[in-house]
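model24.pdb follows (PDB, C-alpha atoms (C1' of nucleotides)):
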ATOM      1  CA  MET Z 348       0.000   0.000   0.000
ATOM      2  CA  LYS Z 349       2.347   2.694   1.228
ATOM      3  CA  ALA Z 350       5.244   0.827  -0.359
ATOM      4  CA  LYS Z 351       3.700   1.290  -3.755
ATOM      5  CA  VAL Z 352       3.287   5.029  -3.203
ATOM      6  CA  LEU Z 353       6.960   5.363  -2.262
ATOM      7  CA  ARG Z 354       7.987   3.673  -5.485
ATOM      8  CA  GLU Z 355       5.553   5.833  -7.440
ATOM      9  CA  ILE Z 356       7.087   8.960  -5.924
ATOM     10  CA  TYR Z 357      10.541   7.852  -6.985
ATOM     11  CA  HIS Z 358       9.475   7.369 -10.582
ATOM     12  CA  ARG Z 359       7.657  10.677 -10.717
ATOM     13  CA  LEU Z 360      10.644  12.557  -9.334
ATOM     14  CA  TYR Z 361      13.076  10.748 -11.583
ATOM     15  CA  THR Z 362      10.963  11.557 -14.628
ATOM     16  CA  HIS Z 363      10.687  15.179 -13.599
ATOM     17  CA  PHE Z 364      14.208  15.947 -12.418
ATOM     18  CA  GLY Z 365      16.319  13.292 -14.110
ATOM     19  CA  PRO Z 366      19.365  11.584 -12.558
ATOM     20  CA  GLN Z 367      21.019  13.577  -9.769
ATOM     21  CA  GLY Z 368      24.327  11.770  -9.415
ATOM     22  CA  TRP Z 369      24.796  12.575  -5.766
ATOM     23  CA  TRP Z 370      26.703  13.354  -3.465
ATOM     24  CA  PRO Z 371      28.378  16.529  -4.825
ATOM     25  CA  ALA Z 372      31.947  15.815  -3.688
ATOM     26  CA  GLU Z 373      35.205  14.555  -5.172
ATOM     27  CA  THR Z 374      36.114  12.033  -2.479
ATOM     28  CA  PRO Z 375      34.405  10.014   0.267
ATOM     29  CA  PHE Z 376      36.212  12.068   2.893
ATOM     30  CA  GLU Z 377      34.842  15.242   1.363
ATOM     31  CA  VAL Z 378      31.368  13.717   1.685
ATOM     32  CA  CYS Z 379      31.900  13.290   5.435
ATOM     33  CA  ILE Z 380      33.025  16.873   5.892
ATOM     34  CA  GLY Z 381      30.152  18.173   3.780
ATOM     35  CA  ALA Z 382      27.633  16.085   5.701
ATOM     36  CA  ILE Z 383      28.623  17.803   8.944
ATOM     37  CA  LEU Z 384      28.926  21.282   7.466
ATOM     38  CA  THR Z 385      25.530  21.158   5.809
ATOM     39  CA  GLN Z 386      23.634  20.692   9.076
ATOM     40  CA  ASN Z 387      20.752  23.158   8.853
ATOM     41  CA  THR Z 388      22.733  25.124   6.312
ATOM     42  CA  ASN Z 389      22.491  26.139   2.673
ATOM     43  CA  TRP Z 390      24.755  24.021   0.467
ATOM     44  CA  GLN Z 391      26.253  27.098  -1.189
ATOM     45  CA  ASN Z 392      27.724  28.173   2.107
ATOM     46  CA  VAL Z 393      29.128  24.705   2.619
ATOM     47  CA  GLU Z 394      30.861  24.872  -0.745
ATOM     48  CA  ARG Z 395      32.612  28.066   0.279
ATOM     49  CA  ALA Z 396      33.906  26.442   3.429
ATOM     50  CA  ILE Z 397      35.086  23.353   1.560
ATOM     51  CA  SER Z 398      36.821  25.529  -1.036
ATOM     52  CA  LYS Z 399      38.790  27.197   1.741
ATOM     53  CA  LEU Z 400      39.983  23.819   2.953
ATOM     54  CA  LYS Z 401      40.887  22.740  -0.576
ATOM     55  CA  GLU Z 402      42.769  25.959  -1.313
ATOM     56  CA  ARG Z 403      45.048  25.208   1.598
ATOM     57  CA  ASP Z 404      45.267  21.521   0.782
ATOM     58  CA  LEU Z 405      43.811  20.632   4.152
ATOM     59  CA  LEU Z 406      41.018  18.358   3.003
ATOM     60  CA  ASN Z 407      42.398  15.086   4.332
ATOM     61  CA  PRO Z 408      42.167  13.346   7.722
ATOM     62  CA  GLN Z 409      45.772  13.837   8.831
ATOM     63  CA  LYS Z 410      45.941  17.566   8.138
ATOM     64  CA  LEU Z 411      42.601  18.259   9.757
ATOM     65  CA  TYR Z 412      43.618  16.116  12.697
ATOM     66  CA  GLU Z 413      46.680  18.274  13.265
ATOM     67  CA  ILE Z 414      45.176  21.714  12.685
ATOM     68  CA  SER Z 415      43.850  23.595  15.720
ATOM     69  CA  GLU Z 416      40.135  23.841  16.335
ATOM     70  CA  ARG Z 417      40.380  27.633  16.288
ATOM     71  CA  GLU Z 418      42.049  27.683  12.895
ATOM     72  CA  LEU Z 419      39.568  25.171  11.511
ATOM     73  CA  ALA Z 420      36.667  27.265  12.781
ATOM     74  CA  GLU Z 421      38.044  30.310  10.984
ATOM     75  CA  LEU Z 422      38.342  28.422   7.696
ATOM     76  CA  ILE Z 423      34.809  27.047   7.762
ATOM     77  CA  ARG Z 424      33.254  30.325   8.869
ATOM     78  CA  PRO Z 425      31.114  30.730   5.709
ATOM     79  CA  SER Z 426      29.194  27.548   6.555
ATOM     80  CA  GLY Z 427      27.677  29.124   9.659
ATOM     81  CA  TYR Z 428      27.695  27.728  13.235
ATOM     82  CA  TYR Z 429      31.425  27.578  12.677
ATOM     83  CA  ASN Z 430      32.423  27.098  16.307
ATOM     84  CA  VAL Z 431      30.167  24.129  16.952
ATOM     85  CA  LYS Z 432      30.918  22.674  13.554
ATOM     86  CA  ALA Z 433      34.672  22.906  14.079
ATOM     87  CA  LYS Z 434      34.179  20.885  17.248
ATOM     88  CA  ARG Z 435      31.964  18.365  15.453
ATOM     89  CA  LEU Z 436      34.449  17.958  12.623
ATOM     90  CA  LYS Z 437      37.220  17.431  15.148
ATOM     91  CA  ASN Z 438      35.161  14.790  16.960
ATOM     92  CA  PHE Z 439      34.581  12.869  13.754
ATOM     93  CA  ILE Z 440      38.156  13.194  12.522
ATOM     94  CA  SER Z 441      39.612  12.077  15.847
ATOM     95  CA  PHE Z 442      37.389   9.006  15.693
ATOM     96  CA  LEU Z 443      38.450   8.279  12.114
ATOM     97  CA  VAL Z 444      42.163   8.759  12.758
ATOM     98  CA  GLU Z 445      42.377   7.090  16.150
ATOM     99  CA  LYS Z 446      40.185   4.065  15.431
ATOM    100  CA  TYR Z 447      40.799   3.507  11.721
ATOM    101  CA  GLY Z 448      44.116   5.169  11.005
ATOM    102  CA  GLY Z 449      42.356   7.916   9.088
ATOM    103  CA  ASP Z 450      41.309   5.407   6.437
ATOM    104  CA  LEU Z 451      37.654   5.318   5.402
ATOM    105  CA  GLU Z 452      38.277   2.019   3.594
ATOM    106  CA  VAL Z 453      39.151   0.453   6.922
ATOM    107  CA  MET Z 454      36.096   1.968   8.578
ATOM    108  CA  LYS Z 455      34.012   0.624   5.713
ATOM    109  CA  ARG Z 456      34.955  -2.962   6.565
ATOM    110  CA  THR Z 457      33.381  -2.873  10.014
ATOM    111  CA  ASP Z 458      29.908  -4.254  10.623
ATOM    112  CA  LEU Z 459      27.208  -1.819   9.531
ATOM    113  CA  HIS Z 460      24.991  -1.928  12.598
ATOM    114  CA  THR Z 461      27.794  -1.490  15.120
ATOM    115  CA  LEU Z 462      29.409   1.196  12.978
ATOM    116  CA  ARG Z 463      26.175   3.182  12.884
ATOM    117  CA  GLU Z 464      25.898   2.949  16.672
ATOM    118  CA  LYS Z 465      29.484   4.119  17.091
ATOM    119  CA  LEU Z 466      29.041   7.060  14.735
ATOM    120  CA  LEU Z 467      25.872   8.102  16.555
ATOM    121  CA  LYS Z 468      27.848   8.329  19.781
ATOM    122  CA  ILE Z 469      30.125  10.992  18.325
ATOM    123  CA  LYS Z 470      29.048  14.332  19.739
ATOM    124  CA  GLY Z 471      27.564  16.429  16.970
ATOM    125  CA  LEU Z 472      26.596  13.583  14.643
ATOM    126  CA  GLY Z 473      22.891  12.769  14.608
ATOM    127  CA  PRO Z 474      21.009  10.244  12.479
ATOM    128  CA  GLU Z 475      20.897  12.265   9.267
ATOM    129  CA  THR Z 476      24.588  13.119   9.296
ATOM    130  CA  VAL Z 477      25.573   9.559  10.165
ATOM    131  CA  ASP Z 478      23.365   8.029   7.507
ATOM    132  CA  SER Z 479      24.643  10.470   4.879
ATOM    133  CA  ILE Z 480      28.170   9.342   5.680
ATOM    134  CA  LEU Z 481      27.175   5.672   5.609
ATOM    135  CA  LEU Z 482      25.315   5.913   2.303
ATOM    136  CA  TYR Z 483      27.326   8.416   0.287
ATOM    137  CA  ALA Z 484      30.843   7.978   1.664
ATOM    138  CA  LEU Z 485      30.806   4.300   2.623
ATOM    139  CA  GLU Z 486      28.274   2.949   0.132
ATOM    140  CA  LYS Z 487      26.128   1.272   2.781
ATOM    141  CA  PRO Z 488      22.439   0.593   2.063
ATOM    142  CA  VAL Z 489      20.991   3.096   4.538
ATOM    143  CA  PHE Z 490      18.235   5.501   3.544
ATOM    144  CA  VAL Z 491      18.813   9.116   4.553
ATOM    145  CA  ILE Z 492      15.874  11.004   6.045
ATOM    146  CA  ASP Z 493      15.922  14.778   6.088
ATOM    147  CA  ALA Z 494      13.626  17.765   6.518
ATOM    148  CA  TYR Z 495      12.590  17.609   2.869
ATOM    149  CA  THR Z 496      11.667  13.935   3.078
ATOM    150  CA  TYR Z 497       9.520  14.670   6.068
ATOM    151  CA  ARG Z 498       7.880  17.768   4.613
ATOM    152  CA  ILE Z 499       7.105  16.196   1.244
ATOM    153  CA  LEU Z 500       5.496  13.099   2.740
ATOM    154  CA  PHE Z 501       3.654  15.106   5.364
ATOM    155  CA  ARG Z 502       2.153  17.499   2.838
ATOM    156  CA  HIS Z 503       0.827  14.562   0.906
ATOM    157  CA  SER Z 504      -0.701  13.186   4.119
ATOM    158  CA  LEU Z 505       1.393  10.029   3.867
ATOM    159  CA  ILE Z 506       2.805  10.262   7.398
ATOM    160  CA  PRO Z 507       1.600  11.599  10.752
ATOM    161  CA  GLU Z 508       3.244  14.721  12.123
ATOM    162  CA  GLU Z 509       4.877  12.861  15.037
ATOM    163  CA  VAL Z 510       6.658  10.195  12.982
ATOM    164  CA  THR Z 511      10.211   9.564  14.156
ATOM    165  CA  TYR Z 512      13.362   9.395  12.087
ATOM    166  CA  GLU Z 513      13.715   5.653  12.581
ATOM    167  CA  GLU Z 514      10.090   4.988  11.658
ATOM    168  CA  LEU Z 515      10.347   7.014   8.496
ATOM    169  CA  GLN Z 516      13.568   5.283   7.564
ATOM    170  CA  GLU Z 517      11.981   1.904   8.171
ATOM    171  CA  LEU Z 518       9.218   2.878   5.763
ATOM    172  CA  PHE Z 519      11.723   3.335   2.961
ATOM    173  CA  HIS Z 520      13.746   0.282   3.910
ATOM    174  CA  SER Z 521      10.728  -1.976   3.761
ATOM    175  CA  ALA Z 522       9.295  -0.420   0.608
ATOM    176  CA  LEU Z 523      12.439  -0.470  -1.510
ATOM    177  CA  GLU Z 524      14.870  -3.012  -2.767
ATOM    178  CA  GLU Z 525      18.112  -2.769  -0.772
ATOM    179  CA  ASP Z 526      20.101  -0.918  -3.399
ATOM    180  CA  VAL Z 527      22.747   1.694  -2.610
ATOM    181  CA  GLU Z 528      22.418   3.485  -5.944
ATOM    182  CA  LEU Z 529      18.629   3.640  -5.607
ATOM    183  CA  PHE Z 530      18.884   5.009  -2.062
ATOM    184  CA  LYS Z 531      21.372   7.671  -3.163
ATOM    185  CA  GLU Z 532      19.305   8.757  -6.110
ATOM    186  CA  TYR Z 533      16.004   8.746  -4.260
ATOM    187  CA  HIS Z 534      17.226  10.943  -1.424
ATOM    188  CA  ALA Z 535      18.863  13.326  -3.895
ATOM    189  CA  LEU Z 536      15.594  13.567  -5.820
ATOM    190  CA  LEU Z 537      13.663  14.390  -2.645
ATOM    191  CA  VAL Z 538      16.123  17.197  -1.963
ATOM    192  CA  ALA Z 539      15.752  18.479  -5.520
ATOM    193  CA  CYS Z 540      11.981  18.479  -5.140
ATOM    194  CA  GLY Z 541      12.193  20.169  -1.738
ATOM    195  CA  LYS Z 542      14.508  22.893  -2.940
ATOM    196  CA  THR Z 543      12.507  23.598  -6.063
ATOM    197  CA  TYR Z 544       8.889  23.223  -5.000
ATOM    198  CA  CYS Z 545       8.235  21.844  -1.545
ATOM    199  CA  LYS Z 546       9.586  24.872   0.294
ATOM    200  CA  LYS Z 547       8.278  26.483   3.451
ATOM    201  CA  SER Z 548       7.653  29.608   1.418
ATOM    202  CA  ASN Z 549       5.556  27.619  -1.056
ATOM    203  CA  PRO Z 550       3.100  25.820   1.235
ATOM    204  CA  LEU Z 551       0.944  24.551  -1.611
ATOM    205  CA  CYS Z 552       3.946  23.109  -3.502
ATOM    206  CA  GLU Z 553       2.908  24.602  -6.821
ATOM    207  CA  PRO Z 554       3.476  23.277  -9.357
ATOM    208  CA  CYS Z 555       4.023  19.994  -7.558
ATOM    209  CA  PRO Z 556       5.430  17.102  -9.610
ATOM    210  CA  LEU Z 557       3.773  14.763  -7.103
ATOM    211  CA  ALA Z 558       0.289  16.179  -7.483
ATOM    212  CA  GLU Z 559      -2.578  13.678  -7.401
ATOM    213  CA  LEU Z 560      -0.615  10.815  -5.939
ATOM    214  CA  LYS Z 561      -2.709   7.718  -5.686
TER     215      LYS Z 561
ATOM    216  C1'  DT Y1042      14.144  43.310   5.140
ATOM    217  C1'  DG Y1043      13.206  39.150   7.300
ATOM    218  C1'  DC Y1044      13.113  34.423   6.488
ATOM    219  C1'  DC Y1045      15.318  30.353   5.342
ATOM    220  C1'  DA Y1046      18.833  26.617   4.715
ATOM    221  C1'  DG Y1047      20.192  18.837   3.320
ATOM    222  C1'  DG Y1048      20.658  19.323  12.435
ATOM    223  C1'  DC Y1049      22.008  18.558  16.819
ATOM    224  C1'  DC Y1050      23.009  19.508  21.702
ATOM    225  C1'  DG Y1051      22.037  20.704  26.428
ATOM    226  C1'  DG Y1052      19.299  22.480  30.027
ATOM    227  C1'  DG Y1053      14.820  22.856  31.742
ATOM    228  C1'  DT Y1054      10.323  20.849  32.610
TER     229       DT Y1054
ATOM    230  C1'  DA W 765      10.637  11.530  27.566
ATOM    231  C1'  DC W 766       9.723  15.745  25.328
ATOM    232  C1'  DC W 767      10.444  20.877  24.468
ATOM    233  C1'  DC W 768      12.929  24.740  23.154
ATOM    234  C1'  DG W 769      16.710  28.184  22.747
ATOM    235  C1'  DG W 770      21.171  28.477  20.838
ATOM    236  C1'  DC W 771      24.366  28.111  17.233
ATOM    237  C1'  DA W 772      25.719  31.983  12.344
ATOM    238  C1'  DT W 773      26.562  32.730   7.549
ATOM    239  C1'  DG W 774      24.936  34.325   2.957
ATOM    240  C1'  DG W 775      21.106  34.307  -0.696
ATOM    241  C1'  DC W 776      16.711  35.572  -2.109
TER     242       DC W 776
END

This structure in structure tokens:
Amino acid sequence: MKAKVLREIYHRLYTHFGPQGWWPAETPFEVCIGAILTQNTNWQNVERAISKLKERDLLNPQKLYEISERELAELIRPSGYYNVKAKRLKNFISFLVEKYGGDLEVMKRTDLHTLREKLLKIKGLGPETVDSILLYALEKPVFVIDAYTYRILFRHSLIPEEVTYEELQELFHSALEEDVELFKEYHALLVACGKTYCKKSNPLCEPCPLAELK
DNA sequence: TGCCAGGCCGGGT
DNA sequence: ACCCGGCATGGC
């Protein structure tokens, strides 16, 4: 029932927006950094911050491990919340360097469920950030839920207002084939739809590519 | 100009 | 177990 609607939404969005080819980053490590920097923040601002790190050739685990938190905060300033985010980046990078030698390939080999639990314990990483890292940097079959996912489904009366992250994620997991590329593309399409139409400032979602869902 | 953006934490009930 | 203020920049 609901599973069919979720597949229908995917096809509608794919037809409307075309392939998204997410995540916009050159390396898996860059995905991790972007996932933290984009917390409640416009992607354009994140790009500025990442450019600063690239300019100085600092976009790798070892360099960011060695740099001071103050200096890091200054570099990522354009992304907003730069003090808290510098701390959050440091927390993640320390974990990566100290437990996995700074190697995402090594991290990738550890059991998915326990890895997710460990990442969630890092201060500053919540479910969306962790799942973005798992899906887009580590290629794990985990569906990412974000504000757009919630808003789009809610506006189409497909979920109750109080639905939790885990419940919503379970909805997608049970409705879809366990396919990393599908999960990546679907989430990216929801973001595209949210940015273009399903905005707070456009409460009626006009013109909505998902109009008259059955 | 004010509102918004691909969250999450910590302190208070 | 919730609820809510705080965190901050840049674009529209």

(message) I'd like the interatomic distance between atom CA of Gly381 of chain Z and atom CA of Gly449 of chain Z, to a tenth of an Å.
(response) 16.8 Å

Proximity of chain W to chain Z: per-residue shortest pair, 8 Å limit, all atoms listed in the file, as a Markdown table:
| residue | atom | partner | partner_atom | distance |
| --- | --- | --- | --- | --- |
| W:DC771 | C1' | Z:Tyr428 | CA | 5.2 |
| W:DA772 | C1' | Z:Gly427 | CA | 4.4 |
| W:DT773 | C1' | Z:Gly427 | CA | 4.3 |
| W:DG774 | C1' | Z:Asn392 | CA | 6.8 |

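Selected on chain Y by distance to chain Z: DA1046, DG1047, DG1048, DC1049 and DC1050 of chain Y (within 8 Å, counting all atoms listed in the file).
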
Take every atom of segment 1043-1054 of chain Y listed in the file, pad by 6 Å on each side, and give me the axis-aligned box centre and edge lengths in Å, one decimal, as AutoDock Vina command-line options.
--center_x 16.7 --center_y 28.9 --center_z 18.0 --size_x 24.7 --size_y 32.6 --size_z 41.3

(message) As an exercise, work out the distance from atom CA of Lys531 of chain Z to atom CA of Glu517 of chain Z in Å and give it to one decimal place.
(response) 15.8 Å
